[in-house]
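J.: data30.txt (compact mmCIF, C-alpha atoms and all ligand atoms) pasted underneath:
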```txt
# COMPACT_ATOMS: atom_id res chain seq x y z
CA MET A 2 -15.21 -15.34 -3.94
CA SER A 3 -12.33 -17.47 -5.08
CA SER A 4 -9.14 -16.24 -3.44
CA THR A 5 -6.72 -18.63 -5.00
CA ALA A 6 -3.81 -16.81 -6.55
CA PRO A 7 -3.54 -18.37 -9.98
CA ASP A 8 -0.05 -19.07 -11.18
CA VAL A 9 1.90 -17.14 -8.53
CA PRO A 10 5.10 -16.07 -10.25
CA THR A 11 8.55 -16.84 -9.00
CA THR A 12 10.25 -14.54 -11.49
CA ARG A 13 9.90 -10.87 -12.42
CA LYS A 14 6.68 -9.39 -13.72
CA HIS A 15 5.51 -9.41 -17.30
CA SER A 16 6.10 -13.13 -17.41
CA PRO A 17 4.00 -14.88 -20.08
CA GLY A 18 1.19 -15.27 -17.50
CA SER A 19 0.20 -11.57 -17.71
CA PRO A 20 -2.37 -11.12 -20.50
CA LEU A 21 -1.85 -8.34 -23.03
CA TRP A 22 -4.99 -6.44 -22.01
CA ALA A 23 -3.71 -6.22 -18.42
CA LYS A 24 -0.29 -5.00 -19.56
CA VAL A 25 -1.94 -2.33 -21.75
CA ILE A 26 -4.09 -1.06 -18.87
CA ASP A 27 -1.18 -1.09 -16.38
CA ARG A 28 1.21 0.67 -18.76
CA SER A 29 -1.24 3.32 -19.96
CA LEU A 30 -2.61 4.27 -16.50
CA PRO A 31 0.34 6.51 -15.48
CA PHE A 32 -0.08 8.51 -18.72
CA VAL A 33 -3.86 8.78 -18.29
CA LEU A 34 -3.57 9.95 -14.66
CA ALA A 35 -0.81 12.45 -15.45
CA GLY A 36 -2.74 13.60 -18.54
CA ALA A 37 -5.77 14.33 -16.34
CA GLY A 38 -3.87 17.43 -15.19
CA LEU A 39 -4.69 18.98 -18.58
CA LEU A 40 -8.30 19.13 -17.36
CA ALA A 41 -7.33 21.64 -14.64
CA PRO A 42 -9.33 24.81 -15.44
CA ASP A 43 -6.28 27.07 -14.95
CA HIS A 44 -2.63 27.03 -13.84
CA ILE A 45 -1.91 23.74 -15.63
CA GLY A 46 1.82 24.35 -15.15
CA THR A 47 1.21 24.50 -11.38
CA PHE A 48 -0.47 21.09 -11.55
CA TYR A 49 2.59 19.55 -13.19
CA LEU A 50 4.91 21.28 -10.72
CA ALA A 51 2.76 19.79 -7.92
CA LEU A 52 3.03 16.38 -9.61
CA LEU A 53 6.83 16.65 -9.78
CA VAL A 54 7.20 17.88 -6.20
CA GLY A 55 4.75 15.24 -4.95
CA PHE A 56 6.59 12.48 -6.81
CA LEU A 57 10.03 13.53 -5.56
CA GLY A 58 8.68 13.95 -2.03
CA ILE A 59 6.84 10.60 -1.86
CA ALA A 60 9.47 8.53 -3.73
CA GLY A 61 12.34 10.20 -1.87
CA ALA A 62 10.83 9.78 1.60
CA VAL A 63 9.42 6.26 1.09
CA LEU A 64 12.56 4.87 -0.59
CA THR A 65 14.92 6.47 1.94
CA GLY A 66 12.97 5.01 4.87
CA ALA A 67 12.71 1.62 3.15
CA ALA A 68 16.45 1.60 2.37
CA LEU A 69 17.28 2.24 6.04
CA VAL A 70 14.95 -0.54 7.23
CA THR A 71 16.40 -2.88 4.57
CA LEU A 72 19.94 -2.03 5.62
CA LEU A 73 19.14 -3.07 9.19
CA SER A 74 16.91 -6.07 8.45
CA GLU A 75 19.15 -7.71 5.82
CA ARG A 76 21.90 -7.90 8.46
CA GLN A 77 19.79 -10.12 10.70
CA ALA A 78 20.85 -13.76 10.74
CA ARG A 79 17.38 -15.10 11.58
CA ARG A 80 14.99 -14.45 8.73
CA ILE A 81 11.37 -15.66 8.58
CA GLN A 82 11.92 -17.57 5.32
CA GLY A 83 15.43 -18.69 6.28
CA PRO A 84 18.72 -17.60 4.71
CA ARG A 85 18.50 -16.06 1.24
CA THR A 86 19.64 -18.35 -1.56
CA LYS A 87 20.12 -15.37 -3.90
CA PRO A 88 20.30 -11.58 -3.42
CA ALA A 89 17.00 -9.71 -3.00
CA PRO A 90 16.01 -7.86 -6.22
CA MET A 91 16.25 -4.48 -4.50
CA LEU A 92 16.64 -2.50 -7.73
CA SER A 93 13.40 -3.95 -9.15
CA GLU A 94 11.64 -3.39 -5.84
CA SER A 95 12.79 0.25 -5.82
CA LYS A 96 11.74 0.83 -9.45
CA ASP A 97 8.26 -0.59 -8.80
CA THR A 98 7.98 1.54 -5.65
CA ALA A 99 8.97 4.65 -7.62
CA LEU A 100 6.22 3.92 -10.17
CA ALA A 101 3.68 3.46 -7.36
CA ALA A 102 4.90 6.78 -5.89
CA PHE A 103 4.23 8.42 -9.26
CA ILE A 104 0.63 7.13 -9.22
CA ALA A 105 0.21 8.40 -5.63
CA ALA A 106 1.65 11.77 -6.73
CA CYS A 107 -0.96 11.98 -9.53
CA PHE A 108 -3.63 11.99 -6.78
CA LEU A 109 -1.68 14.23 -4.40
CA ALA A 110 -1.16 16.79 -7.18
CA TRP A 111 -4.84 17.79 -7.06
CA PRO A 112 -4.92 19.03 -3.42
CA LEU A 113 -1.48 20.62 -3.96
CA TRP A 114 -2.70 22.37 -7.11
CA ARG A 115 -5.76 23.67 -5.25
CA LEU A 116 -3.60 24.85 -2.32
CA TRP A 117 -1.04 26.58 -4.55
CA THR A 118 -3.73 28.31 -6.61
CA GLY A 119 -5.34 29.77 -3.46
CA ARG A 120 -8.29 27.38 -3.32
CA PRO A 121 -9.52 25.78 -0.07
CA ILE A 122 -8.69 22.12 0.64
CA GLY A 123 -9.82 19.60 3.25
CA LEU A 124 -6.61 19.60 5.32
CA THR A 125 -6.79 21.68 8.48
CA TRP A 126 -4.53 22.21 11.51
CA SER A 127 -7.42 23.53 13.61
CA VAL A 128 -9.37 20.95 15.61
CA GLU A 129 -12.32 23.38 15.80
CA ASP A 130 -12.34 23.72 12.02
CA ALA A 131 -12.35 19.90 11.81
CA GLY A 132 -15.54 19.79 13.91
CA GLY A 133 -14.14 19.45 17.44
CA PHE A 134 -12.05 16.72 19.06
CA PRO A 135 -14.84 14.16 19.78
CA LEU A 136 -15.98 14.26 16.14
CA VAL A 137 -12.38 14.05 14.85
CA LEU A 138 -11.79 11.00 17.07
CA ILE A 139 -14.98 9.22 15.95
CA GLN A 140 -14.40 10.04 12.26
CA ASN A 141 -10.78 8.85 12.30
CA THR A 142 -11.58 5.64 14.18
CA LEU A 143 -14.34 4.88 11.68
CA ALA A 144 -12.05 5.78 8.78
CA ILE A 145 -9.39 3.31 10.02
CA PHE A 146 -11.91 0.43 10.05
CA VAL A 147 -13.49 1.42 6.72
CA LEU A 148 -10.09 1.76 5.02
CA ASP A 149 -8.89 -1.53 6.53
CA ALA A 150 -12.02 -3.27 5.19
CA TRP A 151 -11.33 -1.72 1.78
CA LEU A 152 -7.67 -2.84 1.84
CA TYR A 153 -8.65 -6.42 2.74
CA TRP A 154 -11.39 -6.77 0.09
CA LYS A 155 -9.27 -4.97 -2.52
CA HIS A 156 -6.55 -7.54 -1.85
CA ARG A 157 -9.04 -10.44 -2.07
CA LEU A 158 -10.30 -9.01 -5.39
CA LEU A 159 -6.73 -8.76 -6.67
CA HIS A 160 -6.34 -12.48 -5.99
CA THR A 161 -9.23 -13.42 -8.27
CA LYS A 162 -8.33 -14.85 -11.67
CA LEU A 163 -9.52 -11.68 -13.45
CA LEU A 164 -7.53 -9.15 -11.43
CA PHE A 165 -4.46 -11.15 -10.39
CA PRO A 166 -2.45 -9.87 -13.41
CA PHE A 167 -2.51 -6.46 -11.70
CA HIS A 168 -1.13 -7.92 -8.46
CA ARG A 169 1.30 -10.45 -9.94
CA ALA A 170 4.31 -8.11 -9.81
CA HIS A 171 4.08 -7.75 -6.02
CA HIS A 172 4.15 -11.53 -5.62
CA ALA A 173 7.32 -11.75 -7.69
CA TYR A 174 8.89 -10.68 -4.38
CA ARG A 175 8.35 -13.97 -2.56
CA ASP A 176 10.89 -13.04 0.13
CA PRO A 177 10.66 -9.24 -0.02
CA THR A 178 12.59 -6.41 1.60
CA ALA A 179 11.06 -3.20 2.94
CA LEU A 180 11.77 -1.70 -0.50
CA ALA A 181 8.94 -3.90 -1.87
CA GLY A 182 6.36 -2.65 0.64
CA PHE A 183 4.82 -0.33 -1.93
CA ALA A 184 6.10 -2.16 -5.02
CA VAL A 185 2.67 -2.65 -6.58
CA GLY A 186 1.48 -2.11 -10.14
CA PRO A 187 -0.42 0.96 -11.41
CA VAL A 188 -3.94 -0.51 -11.11
CA GLU A 189 -3.27 -1.67 -7.54
CA SER A 190 -1.67 1.72 -6.80
CA VAL A 191 -4.86 3.46 -7.93
CA MET A 192 -6.93 1.15 -5.71
CA THR A 193 -4.64 1.92 -2.75
CA PHE A 194 -3.76 5.59 -3.09
CA TRP A 195 -6.94 7.16 -4.50
CA PRO A 196 -8.02 8.48 -1.03
CA LEU A 197 -5.20 11.08 -1.33
CA VAL A 198 -7.41 13.03 -3.73
CA LEU A 199 -10.10 13.40 -1.04
CA VAL A 200 -7.88 16.03 0.64
CA ALA A 201 -8.65 18.28 -2.34
CA LEU A 202 -12.29 18.56 -1.21
CA PRO A 203 -12.80 21.42 1.28
CA GLU A 204 -15.85 19.59 2.71
CA ALA A 205 -13.79 16.46 3.52
CA LYS A 206 -12.05 17.70 6.66
CA HIS A 207 -8.76 15.98 7.47
CA TYR A 208 -7.28 17.01 10.83
CA ALA A 209 -3.61 17.32 9.86
CA PRO A 210 -1.88 16.03 13.04
CA ILE A 211 -3.91 12.79 13.04
CA TYR A 212 -3.87 12.46 9.23
CA PHE A 213 -0.07 12.69 8.97
CA THR A 214 0.32 10.34 11.98
CA LEU A 215 -1.91 7.71 10.32
CA VAL A 216 -0.22 8.03 6.91
CA GLY A 217 3.25 7.88 8.51
CA GLY A 218 2.17 4.96 10.71
CA PHE A 219 0.85 3.04 7.68
CA ILE A 220 4.13 3.58 5.80
CA MET A 221 6.22 2.38 8.76
CA LEU A 222 3.93 -0.62 9.32
CA ASN A 223 4.32 -1.51 5.65
CA TYR A 224 8.12 -1.43 5.98
CA TYR A 225 7.87 -3.84 8.90
CA LEU A 226 5.44 -6.16 7.06
CA HIS A 227 7.94 -6.61 4.23
CA CYS A 228 11.29 -6.52 6.05
CA GLY A 229 11.55 -10.33 6.25
CA VAL A 230 12.40 -10.52 9.96
CA ARG A 231 10.25 -10.63 13.07
CA ILE A 232 10.92 -8.43 16.08
CA GLU A 233 9.40 -10.15 19.09
CA LEU A 234 8.54 -6.95 20.97
CA VAL A 235 6.82 -5.40 17.93
CA GLU A 236 4.90 -8.62 17.25
CA ARG A 237 3.66 -8.66 20.86
CA LEU A 238 2.63 -5.00 20.68
CA LEU A 239 0.80 -5.15 17.34
CA SER A 240 -0.92 -8.56 17.46
CA PRO A 241 -3.31 -7.86 20.38
CA LEU A 242 -4.37 -4.62 18.63
CA LEU A 243 -5.29 -6.75 15.57
CA LEU A 244 -2.64 -4.86 13.60
CA ASN A 245 -0.76 -6.73 10.88
CA THR A 246 2.76 -7.95 11.61
CA SER A 247 5.83 -9.10 9.72
CA ALA A 248 5.28 -12.71 10.82
CA PHE A 249 1.66 -12.58 9.60
CA HIS A 250 2.16 -10.79 6.28
CA ASN A 251 5.32 -12.68 5.33
CA ILE A 252 3.14 -15.81 5.16
CA HIS A 253 1.08 -14.09 2.45
CA HIS A 254 4.26 -13.77 0.36
CA SER A 255 5.29 -17.39 0.91
CA HIS A 256 1.80 -18.93 0.56
CA ALA A 257 -0.16 -16.25 -1.42
CA ASP A 258 -3.70 -17.58 -0.81
CA VAL A 259 -3.95 -16.75 2.92
CA ASN A 260 -3.40 -13.74 5.25
CA PHE A 261 -4.80 -11.00 2.99
CA GLY A 262 -5.06 -8.22 5.60
CA GLU A 263 -2.91 -5.19 4.84
CA ALA A 264 -3.32 -2.91 7.84
CA MET A 265 -5.13 -5.19 10.30
CA THR A 266 -5.84 -8.91 10.70
CA LEU A 267 -9.51 -8.36 11.59
CA TRP A 268 -11.05 -9.46 8.26
CA ASP A 269 -8.77 -12.49 7.98
CA ARG A 270 -10.09 -13.59 11.35
CA LEU A 271 -13.74 -12.88 10.40
CA CYS A 272 -13.44 -14.63 7.01
CA ARG A 273 -11.15 -17.39 8.31
CA THR A 274 -8.51 -16.73 5.68
CA ARG A 275 -5.51 -17.09 7.97
CA LEU A 276 -3.02 -19.89 7.34
CA SER A 277 -3.92 -21.29 10.76
CA ASP A 278 -7.63 -21.43 9.68
CA SER A 279 -6.86 -23.41 6.53
CA ARG A 280 -4.66 -25.86 8.48
CA ARG A 281 -7.40 -26.32 11.08
CA GLY A 282 -9.88 -27.00 8.25
CA GLN A 283 -7.53 -29.55 6.68
CA ARG A 284 -7.18 -31.39 9.98
CA LYS A 285 -10.99 -31.64 10.32
CA SER A 286 -11.57 -32.98 6.79
ZN ZN B 301 -1.36 -10.69 -2.50
```
The structure given in the file should be rewritten as structure tokens.
T.:
Amino acid sequence: MSSTAPDVPTTRKHSPGSPLWAKVIDRSLPFVLAGAGLLAPDHIGTFYLALLVGFLGIAGAVLTGAALVTLLSERQARRIQGPRTKPAPMLSESKDTALAAFIAACFLAWPLWRLWTGRPIGLTWSVEDAGGFPLVLIQNTLAIFVLDAWLYWKHRLLHTKLLFPFHRAHHAYRDPTALAGFAVGPVESVMTFWPLVLVALPEAKHYAPIYFTLVGGFIMLNYYLHCGVRIELVERLLSPLLLNTSAFHNIHHSHADVNFGEAMTLWDRLCRTRLSDSRRGQRKS
């Protein structure tokens, strides 16, 4: 698969490089996903209340956390890409993150609607109900690796010529802040956040303490990946666990066609798509 990011933008999205068909899909998706609530068999108003609460909750929590991390990281003198030559486009980053939060809320609204209308959902606080601790541990470990594989290959797909228009906006933030961590377009948001809807299925047991820890951990990791600075202690803790780091992911923003891993670096190592792999290859040839 070709992973070369064609025409990586240096300006805001919707530059002439984004074809009309991609703009139409990206701009209509939020309406389609929100409109899907009309298919709820009853309590349609409850669905839209769940959508509103979910949106305010996700956008509020994610943007507040990102703003705090940005406040701290932008004060650091030593930045990975060197001193900024112009201010970070934090308002654009926040707007894109809010839109991504809306897409995530469209998926979260379904389990909330089921919960608020007295229907069973997959989230449980009882480890017995989730199948016992050994099963919960095995399932969650497997889920981490499966989701990481999905995130890596999704990202590789988004760097193909066909799908890059849906990923272009995120690469407008060449030297991002934590506010850009979730600043991705609607199609990419669907590809990233769709698993939220699985919680609506009573058969798909999600043990709440581990589920919320993993979701919270992923959000905090994403802040760090986009904060623009490296914290030596955090780098040393995460790297041996094959978890992604700020130093590793920042290279993806500055070079675009390497370091595709989102949660872990495992698949970059297996597929030799790290910057260090390409440099080694260049030296050999
Ligand atoms: Zn990318």
J.: Which residues sit within 8 Å of ligand ZN 301 (chain B), counting only C-alpha atoms and all ligand atoms, listed as a ChimeraX atom specification?
T.: /A:6,156-157,159-160,168-169,171-172,253-254,257-258,261
J.: When you look at Ile45 of chain A with a cut-off of 12 Å (counting only C-alpha atoms), what residues show up, excluding the ones that are within fewer than 4 positions of it in the same chain? I need them as a PyMOL selection string.
T.: chain A and resi 35-41+49-52+110-111+114-115+117-118
J.: Would you put the residues from that selection into a file with C-alpha atoms, as a short mmCIF file (atom, residue, chain, number, x, y, z; two decimals), in the frame of the given file?
T.:
```cif
data_model
loop_
_atom_site.label_atom_id
_atom_site.label_comp_id
_atom_site.auth_asym_id
_atom_site.auth_seq_id
_atom_site.Cartn_x
_atom_site.Cartn_y
_atom_site.Cartn_z
CA ALA A 35 -0.81 12.45 -15.45
CA GLY A 36 -2.74 13.60 -18.54
CA ALA A 37 -5.77 14.33 -16.34
CA GLY A 38 -3.87 17.43 -15.19
CA LEU A 39 -4.69 18.98 -18.58
CA LEU A 40 -8.30 19.13 -17.36
CA ALA A 41 -7.33 21.64 -14.64
CA TYR A 49 2.59 19.55 -13.19
CA LEU A 50 4.91 21.28 -10.72
CA ALA A 51 2.76 19.79 -7.92
CA LEU A 52 3.03 16.38 -9.61
CA ALA A 110 -1.16 16.79 -7.18
CA TRP A 111 -4.84 17.79 -7.06
CA TRP A 114 -2.70 22.37 -7.11
CA ARG A 115 -5.76 23.67 -5.25
CA TRP A 117 -1.04 26.58 -4.55
CA THR A 118 -3.73 28.31 -6.61
#
```
J.: Could you tell me which of A:Tyr153, A:Phe103, A:Phe249, A:Phe32 comes closest to Val63 of chain A if we count all atoms listed in the file?
T.: A:Phe103
J.: Pick out the closest residue to Ala248 of chain A from this set: A:Leu199, A:Thr178, A:Phe56, A:Gln82. Count all atoms listed in the file.
T.: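 Distance minimum relative to Ala248 of chain A lands on A:Gln82.
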J.: Residues within 10 Å of segment 208-212 of chain A, please, as a PyMOL selection string. Count only C-alpha atoms; anything in the same chain fewer than 4 positions from it doesn't count.
T.: chain A and resi 123-134+137-138+141+216-218
